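Here's the structure, in structure tokens; my notes come after.
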Amino acid sequence: MPTQTESKTEQKIEIMPPAAAMHPVENKIHGRTLTDDYAWLRDKEEPEVIAYLEAENAYTATVTAADEPMRQTLYQEMLSHIKETDVSVPFREGNYWYYSRTEQGLQYPIYCRKPGTPSAINDAAPEEIILDVNELAKDQPYMAVHAFTVSDDGNLLAYSMDNTGFRQYTLQVKDLRTGQLLSEHVERTGSVVWAADNRTLFYTVEDEVQKRQFRLYRHALSAPHSDDPLLYEETDERFNIGAGRTRDRQLIILESSSHTTTEEQFLRADTPEGQWTLIEPRRDNIEYYADHRNGLLFIRANDTGRNFRLVTAPVSAPASANWAEILPHRADVMLEDADLFASFYVACERSAGLQHLRVVPFIGEGSATSKSKEIAFPEPVYSAHPHTNRIFDTTKYRYGYQSLVTPGSVFEYDITTGESKLLKQLEIPGNFEKSLYKSERLFAKAPDGTEIPISLVYRKDQFQRRKNPLFVYGYGSYGYALPIGFNSNRLSLLDRGFVLAYAHIRGGGDMGKPWHDAGRLMNKRNTFTDFIAVTHHLLNQGYGDPARVAIEGGSAGGLLMGAVVNLEPALFRAVVSHVPFVDVMNTMLDASLPLTVPEYEEWGDPNQPEAFDYMLSYSPYDNLKAGDYPAMLVKTSLYDSQVMYWEPAKYVAKLRRLKTDNNPLLLHTNMTAGHGGASGRYDYLKEIAFDYAFLIRELQAGNDGH
């Protein structure tokens, strides 16, 4: 691909790109010297830093000014495929049925409820708005709601909100009988759990420097926050804590978790001032997760194999010595979850890269089970997952289903009949016709012979072998399985002939825990070579034009983008990189940054020479060199708390100095958002339209021979 030539747009642009000043900072470690010419960009309090980011934004705006008509077209297209005024499927909790709805022209959801019987909502009853996020967002550049939990008696709502994007949440309590806010106001909260007495809250807070949830407090309503007793403090910097309530409402569980290890303790929900009971002391690289039924803990654990088994233990003696196995570990099946109910449980499994839901009825009061039934799914590539199921004693189970061509759907499975009933499928306006599109599942062979799954979708009447623009998306970290769902925004690309592919590369969780292990720590390079192998395989099979290949990834997927571009830049025509983790060495060597120490379990500890050398071999920022690169759009946010804005800013500054081509290199910083970009749904659509216009322009240029 001749990346050294100018795109049509840039040929017309007179403006010169910003040139960041170089102020070298040296770090000597393990006999090596790391030189960072742009470390000064870390200080966003300095006017020069903000001025540089704004200059980059101005440059991006100028270079892409000609895309504005296309952006407007794309935005209107995407908007036409959204039912702007809509309502979710109501679910029952206590004496109410809860739902959310959206209204045309409003950015955020409105959370509501109505009374009803155990079997149905009372549609004739007046609607009670319990939280209108649009009201919270007034005069705010950003708004996100995190905790959202109602007391057992239905009278009080505890919720938390963030108005910057830094994922720093403030807890408040609303009296749903009067609509008034109570005096509670707690900063930096995470988990929020009600006790059964309807007046006691448990909440976690984050460390101000490390930005990890590390303390658990108990709060009595109306008491001064300063009097709240500290119940637990997690001192191991690798671990975060979180609290939740079992579905039967009997226990509160406090979990300490790193990326590879967990430890849990529990408290009876009706004795909020009681003693906590430890289930099993933490052991490195062992995870377990507990729920409760009839005096037994049901524990999903990977103590005998990486893909987890299911065991039970008495509440009175929960340690591993007393674990009784009811579902063994299987090398080819990942037990992702076990949804527990009074008369059955649902094994949420993943095998051969696909999700399965298996319903297992209980026999009597014990843990003995009868023959299981698997819920059937009709397509070769799909996503299936538990939906909202708040009622413990029930014969109905709700699950979500979607695919690359089937819109998101909510089903209710009847345990007694084995039948599934469709409750709602997301309506896609704008003349969407499912039969026009086709999804496929392929496998590419990695350099070591491993078969890498690929999910792809395209519009059938637009497909021509070796002539379509090819768009490949990847992530491949933290054991996160790439979801295969429907997205109406994609129709704007599919209807223009794009083939969209999703690479289920190692480092993710698509094939269970061993798949994650094969792409982390000293195996991380497999993630990058897998992605390159997937792209080559798709081109060899005729799923795209070799001159028109675009790729996208975000966060750890942005690291993927930087690494594969360094390895094989000529393979790609265009790159979209969101909040990319590209400055691996400088970040991982700085333990004062949020999240760094916990990340040692994913990337390695660079204070160890072997890990340092390996990480340095792929760190995108450190491996930039003079040469030709694809057209690149790099996006970040000033208030990102996970990948700090300066990583992509430094990356672009260094790459601009080194690259020898005239392809666009664009940096855009959202100055009022965080890791996930804009919070409002209309603002978010505009961000997607910006990305798509960039891709269409570049890949059309490739089709014109540029």
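Going through the structure tokens in order, the chains are called A, B, and so on, while each chain numbers its residues from 1 and the ligands are numbered from 1 in the order shown.
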For region 462-467 of chain A, work out the shell of residues within 9 Å, counting only C-alpha atoms and skipping chain neighbours fewer than 6 positions away, then give it as a ChimeraX atom specification.
/A:494-499,539-546,548,703
Those residues with N, CA, C and O atoms, as an mmCIF file, in the first residue's frame please?
data_model
loop_
_atom_site.group_PDB
_atom_site.id
_atom_site.type_symbol
_atom_site.label_atom_id
_atom_site.label_comp_id
_atom_site.auth_asym_id
_atom_site.auth_seq_id
_atom_site.Cartn_x
_atom_site.Cartn_y
_atom_site.Cartn_z
ATOM 1 N N LEU A 494 -21.547 -0.541 6.541
ATOM 2 C CA LEU A 494 -21.950 -1.722 5.771
ATOM 3 C C LEU A 494 -22.663 -1.326 4.485
ATOM 4 O O LEU A 494 -22.443 -1.942 3.425
ATOM 5 N N ASP A 495 -23.492 -0.299 4.542
ATOM 6 C CA ASP A 495 -24.232 0.126 3.353
ATOM 7 C C ASP A 495 -23.335 0.809 2.331
ATOM 8 O O ASP A 495 -23.761 1.034 1.194
ATOM 9 N N ARG A 496 -22.119 1.146 2.737
ATOM 10 C CA ARG A 496 -21.124 1.693 1.792
ATOM 11 C C ARG A 496 -20.123 0.638 1.357
ATOM 12 O O ARG A 496 -19.073 0.960 0.800
ATOM 13 N N GLY A 497 -20.443 -0.612 1.631
ATOM 14 C CA GLY A 497 -19.623 -1.700 1.124
ATOM 15 C C GLY A 497 -18.520 -2.173 2.040
ATOM 16 O O GLY A 497 -17.735 -3.051 1.653
ATOM 17 N N PHE A 498 -18.423 -1.647 3.242
ATOM 18 C CA PHE A 498 -17.389 -2.100 4.161
ATOM 19 C C PHE A 498 -17.650 -3.543 4.596
ATOM 20 O O PHE A 498 -18.789 -3.929 4.864
ATOM 21 N N VAL A 499 -16.580 -4.311 4.704
ATOM 22 C CA VAL A 499 -16.608 -5.598 5.383
ATOM 23 C C VAL A 499 -16.042 -5.368 6.781
ATOM 24 O O VAL A 499 -14.919 -4.885 6.927
ATOM 25 N N LEU A 539 -7.597 -10.922 3.851
ATOM 26 C CA LEU A 539 -7.216 -10.464 2.512
ATOM 27 C C LEU A 539 -6.968 -11.646 1.584
ATOM 28 O O LEU A 539 -7.396 -11.634 0.418
ATOM 29 N N ASN A 540 -6.319 -12.674 2.081
ATOM 30 C CA ASN A 540 -6.048 -13.857 1.245
ATOM 31 C C ASN A 540 -7.332 -14.556 0.813
ATOM 32 O O ASN A 540 -7.394 -15.155 -0.270
ATOM 33 N N GLN A 541 -8.363 -14.464 1.669
ATOM 34 C CA GLN A 541 -9.652 -15.087 1.342
ATOM 35 C C GLN A 541 -10.561 -14.164 0.532
ATOM 36 O O GLN A 541 -11.704 -14.524 0.247
ATOM 37 N N GLY A 542 -10.065 -12.984 0.195
ATOM 38 C CA GLY A 542 -10.809 -12.085 -0.674
ATOM 39 C C GLY A 542 -11.839 -11.224 0.017
ATOM 40 O O GLY A 542 -12.737 -10.670 -0.637
ATOM 41 N N TYR A 543 -11.722 -11.048 1.341
ATOM 42 C CA TYR A 543 -12.718 -10.254 2.061
ATOM 43 C C TYR A 543 -12.422 -8.761 2.064
ATOM 44 O O TYR A 543 -13.129 -7.993 2.725
ATOM 45 N N GLY A 544 -11.408 -8.339 1.342
ATOM 46 C CA GLY A 544 -11.132 -6.915 1.282
ATOM 47 C C GLY A 544 -10.084 -6.588 0.239
ATOM 48 O O GLY A 544 -9.346 -7.451 -0.251
ATOM 49 N N ASP A 545 -10.021 -5.310 -0.108
ATOM 50 C CA ASP A 545 -9.027 -4.771 -1.024
ATOM 51 C C ASP A 545 -7.751 -4.502 -0.226
ATOM 52 O O ASP A 545 -7.768 -3.737 0.743
ATOM 53 N N PRO A 546 -6.619 -5.104 -0.601
ATOM 54 C CA PRO A 546 -5.384 -4.905 0.173
ATOM 55 C C PRO A 546 -4.968 -3.441 0.295
ATOM 56 O O PRO A 546 -4.232 -3.099 1.226
ATOM 57 N N ARG A 548 -7.062 -1.060 0.894
ATOM 58 C CA ARG A 548 -8.076 -0.329 1.665
ATOM 59 C C ARG A 548 -8.411 -1.091 2.948
ATOM 60 O O ARG A 548 -9.524 -1.558 3.140
ATOM 61 N N ASN A 703 -9.202 3.640 -2.884
ATOM 62 C CA ASN A 703 -9.889 3.102 -4.054
ATOM 63 C C ASN A 703 -9.574 3.905 -5.308
ATOM 64 O O ASN A 703 -9.633 3.393 -6.420
#
List as a VMD selection string the protein and nucleic acid residues near Ala324 (chain A), meaning an atom at most 9 Å away when only C-alpha atoms are counted, but skip any in the same chain fewer than 5 places from it.
chain A and resid 310 to 313
So which one's closest to Glu602 (chain A), A:Met615, A:Ala319, A:Leu665, A:Leu254? Using only C-alpha atoms, please.
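Among the listed residues, A:Met615 lies closest to Glu602 (chain A).
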At most 10 Å is the cut-off: for each residue in region 590-640 of chain A with any atom that close to an atom of region 197-219 of chain A, write down the nearest atom pair and the distance in Å rounded to one decimal, counting only C-alpha atoms, chain first then increasing number, as JSON lines.
{"residue": "A:Ala591", "atom": "CA", "partner": "A:Gln210", "partner_atom": "CA", "distance": 8.5}
{"residue": "A:Ser592", "atom": "CA", "partner": "A:Gln210", "partner_atom": "CA", "distance": 6.8}
{"residue": "A:Leu593", "atom": "CA", "partner": "A:Gln210", "partner_atom": "CA", "distance": 6.3}
{"residue": "A:Pro594", "atom": "CA", "partner": "A:Gln210", "partner_atom": "CA", "distance": 4.2}
{"residue": "A:Leu595", "atom": "CA", "partner": "A:Gln210", "partner_atom": "CA", "distance": 6.1}
{"residue": "A:Thr596", "atom": "CA", "partner": "A:Gln210", "partner_atom": "CA", "distance": 8.1}
{"residue": "A:Val597", "atom": "CA", "partner": "A:Gln210", "partner_atom": "CA", "distance": 8.6}
{"residue": "A:Pro598", "atom": "CA", "partner": "A:Arg212", "partner_atom": "CA", "distance": 9.1}
Near region 133-146 of chain A, counting only C-alpha atoms, which residues have an atom at most 12 Å away, once you skip same-chain residues fewer than 2 positions from it, shown as a PyMOL selection string?
chain A and resi 100-103+105-112+129-131+148-149+158-172+188-192+637+639+670-681+683-684
Selection file, N, CA and C atoms, as a compact mmCIF listing (two decimals), in the first residue's frame:
# COMPACT_ATOMS: atom_id res chain seq x y z
N SER A 100 -36.41 2.00 32.25
CA SER A 100 -35.87 3.30 31.84
C SER A 100 -36.45 3.64 30.48
N ARG A 101 -36.49 4.92 30.21
CA ARG A 101 -37.00 5.34 28.90
C ARG A 101 -36.19 6.53 28.40
N THR A 102 -36.25 6.73 27.11
CA THR A 102 -35.59 7.87 26.48
C THR A 102 -36.64 8.69 25.74
N GLU A 103 -36.35 9.98 25.60
CA GLU A 103 -37.25 10.87 24.87
C GLU A 103 -36.48 11.57 23.77
N GLY A 105 -34.69 14.03 21.59
CA GLY A 105 -34.05 15.30 21.90
C GLY A 105 -33.32 15.33 23.22
N LEU A 106 -33.55 14.34 24.09
CA LEU A 106 -32.88 14.31 25.38
C LEU A 106 -31.68 13.36 25.33
N GLN A 107 -30.58 13.79 25.93
CA GLN A 107 -29.32 13.05 25.83
C GLN A 107 -29.30 11.79 26.70
N TYR A 108 -30.03 11.79 27.81
CA TYR A 108 -29.84 10.76 28.83
C TYR A 108 -31.13 10.03 29.16
N PRO A 109 -31.02 8.85 29.79
CA PRO A 109 -32.22 8.09 30.15
C PRO A 109 -32.95 8.68 31.35
N ILE A 110 -34.20 8.27 31.48
CA ILE A 110 -35.05 8.63 32.61
C ILE A 110 -35.45 7.31 33.28
N TYR A 111 -35.14 7.17 34.57
CA TYR A 111 -35.41 5.94 35.30
C TYR A 111 -36.75 6.06 36.03
N CYS A 112 -37.60 5.04 35.84
CA CYS A 112 -38.98 5.12 36.31
C CYS A 112 -39.40 3.80 36.95
N ILE A 129 -41.19 8.88 38.30
CA ILE A 129 -39.82 9.10 37.85
C ILE A 129 -38.92 9.12 39.07
N ILE A 130 -38.02 8.16 39.15
CA ILE A 130 -37.15 8.09 40.33
C ILE A 130 -35.82 8.80 40.11
N LEU A 131 -35.37 8.90 38.84
CA LEU A 131 -34.16 9.67 38.56
C LEU A 131 -34.14 10.05 37.08
N PHE A 148 -26.71 2.57 41.57
CA PHE A 148 -28.15 2.84 41.43
C PHE A 148 -28.86 1.69 42.14
N THR A 149 -29.21 1.87 43.41
CA THR A 149 -29.77 0.77 44.18
C THR A 149 -30.86 1.28 45.12
N ALA A 158 -30.24 5.04 46.51
CA ALA A 158 -28.85 5.47 46.64
C ALA A 158 -28.23 5.43 45.24
N TYR A 159 -27.67 6.55 44.84
CA TYR A 159 -27.06 6.60 43.52
C TYR A 159 -25.79 7.45 43.58
N SER A 160 -24.92 7.25 42.59
CA SER A 160 -23.70 8.05 42.52
C SER A 160 -23.54 8.58 41.11
N MET A 161 -22.85 9.74 40.99
CA MET A 161 -22.73 10.38 39.69
C MET A 161 -21.35 11.03 39.54
N ASP A 162 -20.95 11.16 38.27
CA ASP A 162 -19.66 11.77 37.91
C ASP A 162 -19.95 12.83 36.85
N ASN A 163 -19.46 14.06 37.06
CA ASN A 163 -19.73 15.13 36.09
C ASN A 163 -18.49 15.60 35.35
N THR A 164 -17.40 14.78 35.37
CA THR A 164 -16.17 15.15 34.65
C THR A 164 -15.71 14.10 33.66
N GLY A 165 -16.05 12.83 33.88
CA GLY A 165 -15.51 11.75 33.07
C GLY A 165 -14.31 11.09 33.71
N PHE A 166 -13.88 11.56 34.88
CA PHE A 166 -12.72 11.00 35.56
C PHE A 166 -13.09 9.76 36.37
N ARG A 167 -14.33 9.32 36.28
CA ARG A 167 -14.84 8.16 37.00
C ARG A 167 -14.63 8.33 38.51
N GLN A 168 -14.96 9.51 38.97
CA GLN A 168 -14.91 9.84 40.39
C GLN A 168 -16.34 10.18 40.80
N TYR A 169 -16.96 9.28 41.57
CA TYR A 169 -18.40 9.33 41.77
C TYR A 169 -18.76 9.85 43.17
N THR A 170 -19.82 10.64 43.21
CA THR A 170 -20.34 11.18 44.46
C THR A 170 -21.66 10.49 44.79
N LEU A 171 -21.75 9.96 46.02
CA LEU A 171 -22.93 9.23 46.47
C LEU A 171 -23.96 10.17 47.08
N GLN A 172 -25.22 9.97 46.69
CA GLN A 172 -26.33 10.70 47.30
C GLN A 172 -27.49 9.73 47.53
N ARG A 188 -15.93 10.04 45.97
CA ARG A 188 -15.04 8.96 45.54
C ARG A 188 -15.59 7.56 45.88
N THR A 189 -16.88 7.38 45.75
CA THR A 189 -17.47 6.09 46.09
C THR A 189 -17.45 5.13 44.91
N GLY A 190 -17.58 3.85 45.23
CA GLY A 190 -17.65 2.81 44.21
C GLY A 190 -18.91 1.99 44.42
N SER A 191 -18.78 0.85 45.12
CA SER A 191 -19.93 0.01 45.42
C SER A 191 -20.81 0.65 46.49
N VAL A 192 -22.12 0.42 46.37
CA VAL A 192 -23.09 0.90 47.35
C VAL A 192 -24.11 -0.22 47.56
N SER A 637 -9.09 11.90 25.86
CA SER A 637 -9.92 12.79 26.67
C SER A 637 -9.10 13.35 27.82
N TYR A 639 -9.88 14.18 30.77
CA TYR A 639 -10.17 13.68 32.11
C TYR A 639 -10.18 12.15 32.17
N ASN A 670 -10.86 15.30 23.60
CA ASN A 670 -12.13 15.78 24.15
C ASN A 670 -11.81 16.46 25.48
N MET A 671 -12.02 17.74 25.56
CA MET A 671 -11.59 18.52 26.72
C MET A 671 -12.59 18.46 27.87
N THR A 672 -13.71 17.74 27.69
CA THR A 672 -14.74 17.70 28.74
C THR A 672 -15.24 16.29 29.02
N ALA A 673 -14.41 15.27 28.77
CA ALA A 673 -14.88 13.90 28.96
C ALA A 673 -13.74 13.03 29.48
N GLY A 674 -14.06 11.73 29.67
CA GLY A 674 -13.11 10.77 30.19
C GLY A 674 -12.90 9.61 29.25
N HIS A 675 -12.63 8.43 29.83
CA HIS A 675 -12.18 7.28 29.06
C HIS A 675 -13.17 6.84 27.99
N GLY A 676 -14.46 7.00 28.26
CA GLY A 676 -15.46 6.53 27.31
C GLY A 676 -15.94 7.56 26.32
N GLY A 677 -15.33 8.76 26.32
CA GLY A 677 -15.77 9.80 25.41
C GLY A 677 -17.02 10.50 25.92
N ALA A 678 -17.76 11.11 25.00
CA ALA A 678 -18.95 11.89 25.37
C ALA A 678 -19.97 11.01 26.08
N SER A 679 -20.67 11.60 27.06
CA SER A 679 -21.65 10.83 27.82
C SER A 679 -23.05 10.91 27.22
N GLY A 680 -23.40 12.00 26.58
CA GLY A 680 -24.72 12.14 25.97
C GLY A 680 -24.83 11.33 24.69
N ARG A 681 -26.01 10.74 24.46
CA ARG A 681 -26.13 9.83 23.31
C ARG A 681 -26.02 10.56 21.97
N ASP A 683 -24.28 13.44 21.46
CA ASP A 683 -22.87 13.83 21.35
C ASP A 683 -22.00 12.64 20.95
N TYR A 684 -22.33 11.48 21.50
CA TYR A 684 -21.56 10.28 21.17
C TYR A 684 -21.72 9.92 19.69
Considering only strand (DSSP E or B) as DSSP defines it on the backbone, what residues of region 265-386 of chain A qualify? List them as number ranges by chain.
A: 265-268, 277-278, 288-293, 296-301, 309-314, 324-327, 330, 333-340, 344-351, 354-362, 369, 373-374, 383-386
For a quick check of understanding, using only C-alpha atoms, which of A:Ser151, A:Arg309, A:Glu273, A:Val582 has the smallest distance to Arg245 (chain A)?
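Looking only at the distances to Arg245 (chain A), the closest residue turns out to be A:Ser151.
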Excluding region 504-512 of chain A and its own-chain neighbours fewer than 6 positions away, which residues fall within 9 Å of it when counting only C-alpha atoms? Please give them as a tab-separated table (two decimals) with C-alpha atoms, in the first residue's frame.
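Output contents, as saved in result_9.tsv:
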chain	number	residue	atom	x	y	z
A	306	ARG	CA	-8.17	-22.32	34.72
A	307	ASN	CA	-11.70	-22.51	33.30
A	331	ALA	CA	-10.54	-27.92	29.68
A	332	ASP	CA	-12.69	-26.97	26.68
A	333	VAL	CA	-15.50	-25.08	28.47
A	334	MET	CA	-15.16	-21.81	30.37
A	335	LEU	CA	-17.67	-21.40	33.20
A	336	GLU	CA	-18.09	-17.61	32.99
A	350	ARG	CA	-18.24	-20.39	26.66
A	351	SER	CA	-16.91	-23.08	24.34
A	352	ALA	CA	-15.26	-22.77	20.93
A	353	GLY	CA	-15.53	-19.02	21.39
A	354	LEU	CA	-19.36	-18.98	21.67
A	452	ILE	CA	-7.81	-17.56	15.74
A	453	PRO	CA	-11.59	-17.03	15.48
A	454	ILE	CA	-12.92	-14.18	13.34
A	455	SER	CA	-16.47	-12.84	13.24
A	474	GLY	CA	-9.50	-5.89	17.99
A	475	TYR	CA	-8.80	-5.70	21.71
A	476	GLY	CA	-7.10	-8.78	23.17
A	477	SER	CA	-6.40	-7.99	26.84
A	478	TYR	CA	-7.54	-8.70	30.42
A	479	GLY	CA	-9.33	-11.89	29.42
A	480	TYR	CA	-12.11	-9.75	27.96
A	481	ALA	CA	-14.11	-11.65	25.35
A	482	LEU	CA	-14.94	-9.45	22.38
A	483	PRO	CA	-18.73	-9.07	22.31
A	518	ALA	CA	-1.55	-17.02	26.00
A	519	GLY	CA	-1.67	-13.27	25.35
A	520	ARG	CA	-0.46	-11.60	28.55
A	523	ASN	CA	3.17	-14.03	25.82
A	524	LYS	CA	1.82	-10.57	24.96
A	526	ASN	CA	0.90	-13.22	20.47
A	527	THR	CA	-1.88	-10.62	20.65
A	528	PHE	CA	-0.21	-8.52	17.97
A	529	THR	CA	0.89	-11.31	15.64
A	530	ASP	CA	-2.59	-12.87	15.91
A	531	PHE	CA	-4.16	-9.62	14.72
A	534	VAL	CA	-6.20	-12.32	10.95
Please run DSSP on the backbone and report, as JSON, numbers by chain, all residues within region 141-377 of chain A that come out as helix (DSSP H, G or I).
{"A": [225, 226, 227, 320, 321, 322]}
Could you please take those selected residues and save N, CA and C atoms as a JSON list (two decimals), in the first residue's frame?
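Wrote it out as selection.json, contents follow:
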[["chain", "number", "residue", "atom", "x", "y", "z"],
["A", 225, "HIS", "N", -21.31, 11.73, 58.14],
["A", 225, "HIS", "CA", -20.42, 10.87, 57.36],
["A", 225, "HIS", "C", -19.10, 10.63, 58.10],
["A", 226, "SER", "N", -18.65, 11.62, 58.85],
["A", 226, "SER", "CA", -17.38, 11.49, 59.58],
["A", 226, "SER", "C", -17.44, 10.42, 60.66],
["A", 227, "ASP", "N", -18.64, 10.01, 61.06],
["A", 227, "ASP", "CA", -18.78, 8.98, 62.09],
["A", 227, "ASP", "C", -18.83, 7.58, 61.53],
["A", 320, "SER", "N", -12.18, -23.90, 51.76],
["A", 320, "SER", "CA", -12.04, -24.82, 50.63],
["A", 320, "SER", "C", -11.98, -26.28, 51.06],
["A", 321, "ALA", "N", -11.59, -26.54, 52.29],
["A", 321, "ALA", "CA", -11.57, -27.91, 52.77],
["A", 321, "ALA", "C", -12.96, -28.53, 52.77],
["A", 322, "ASN", "N", -13.97, -27.70, 52.76],
["A", 322, "ASN", "CA", -15.36, -28.17, 52.81],
["A", 322, "ASN", "C", -16.09, -28.01, 51.47]]
Proximity to Gln355 (chain A) - best of A:Ser367, A:Ser383, A:Ser343, A:Thr660, only C-alpha atoms
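Looking only at the distances to Gln355 (chain A), the closest residue turns out to be A:Ser383.
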Excluding region 50-54 of chain A and its own-chain neighbours fewer than 3 positions away, which residues fall within 12 Å of it when counting only C-alpha atoms? Please give them as a VMD selection string.
chain A and resid 17 to 21 38 40 to 47 57 to 61 635 to 638 645 to 646 648 to 650 652 to 653 666 to 671
Near Asp393 (chain A), counting only C-alpha atoms, which residues have an atom at most 9 Å away, once you skip same-chain residues fewer than 2 positions from it, shown as a ChimeraX atom specification?
/A:248,341-343,391,395
Just-selected residues, C-alpha atoms written as a CSV table (one decimal), in the first residue's frame:
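Contents of part-v4.csv, as written:
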chain,number,residue,atom,x,y,z
A,248,ASP,CA,-31.7,-14.1,47.7
A,341,PHE,CA,-32.1,-19.1,41.9
A,342,ALA,CA,-34.3,-20.9,44.3
A,343,SER,CA,-35.1,-23.9,42.1
A,391,ILE,CA,-36.3,-12.3,41.7
A,395,THR,CA,-39.6,-20.1,37.2
So what do you get for CA of Ile253 (chain A) versus CA of Ile415 (chain A), distance-wise?
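Pair CA of Ile253 (chain A) / CA of Ile415 (chain A) returns 27.6 Å.
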Tell me which of A:Glu552, A:Glu127, A:Glu601, A:Asp152 sits closest to Leu695 (chain A), counting only C-alpha atoms.
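Of A:Glu552, A:Glu127, A:Glu601, A:Asp152, the one nearest Leu695 (chain A) is A:Glu552, counting only C-alpha atoms.
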Rank nothing, just name the residue among A:Val150, A:Val457, A:Ala631, A:Ala223 nearest to Ala550 (chain A), using only C-alpha atoms.
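Of A:Val150, A:Val457, A:Ala631, A:Ala223, the one nearest Ala550 (chain A), counting only C-alpha atoms, is A:Ala631.
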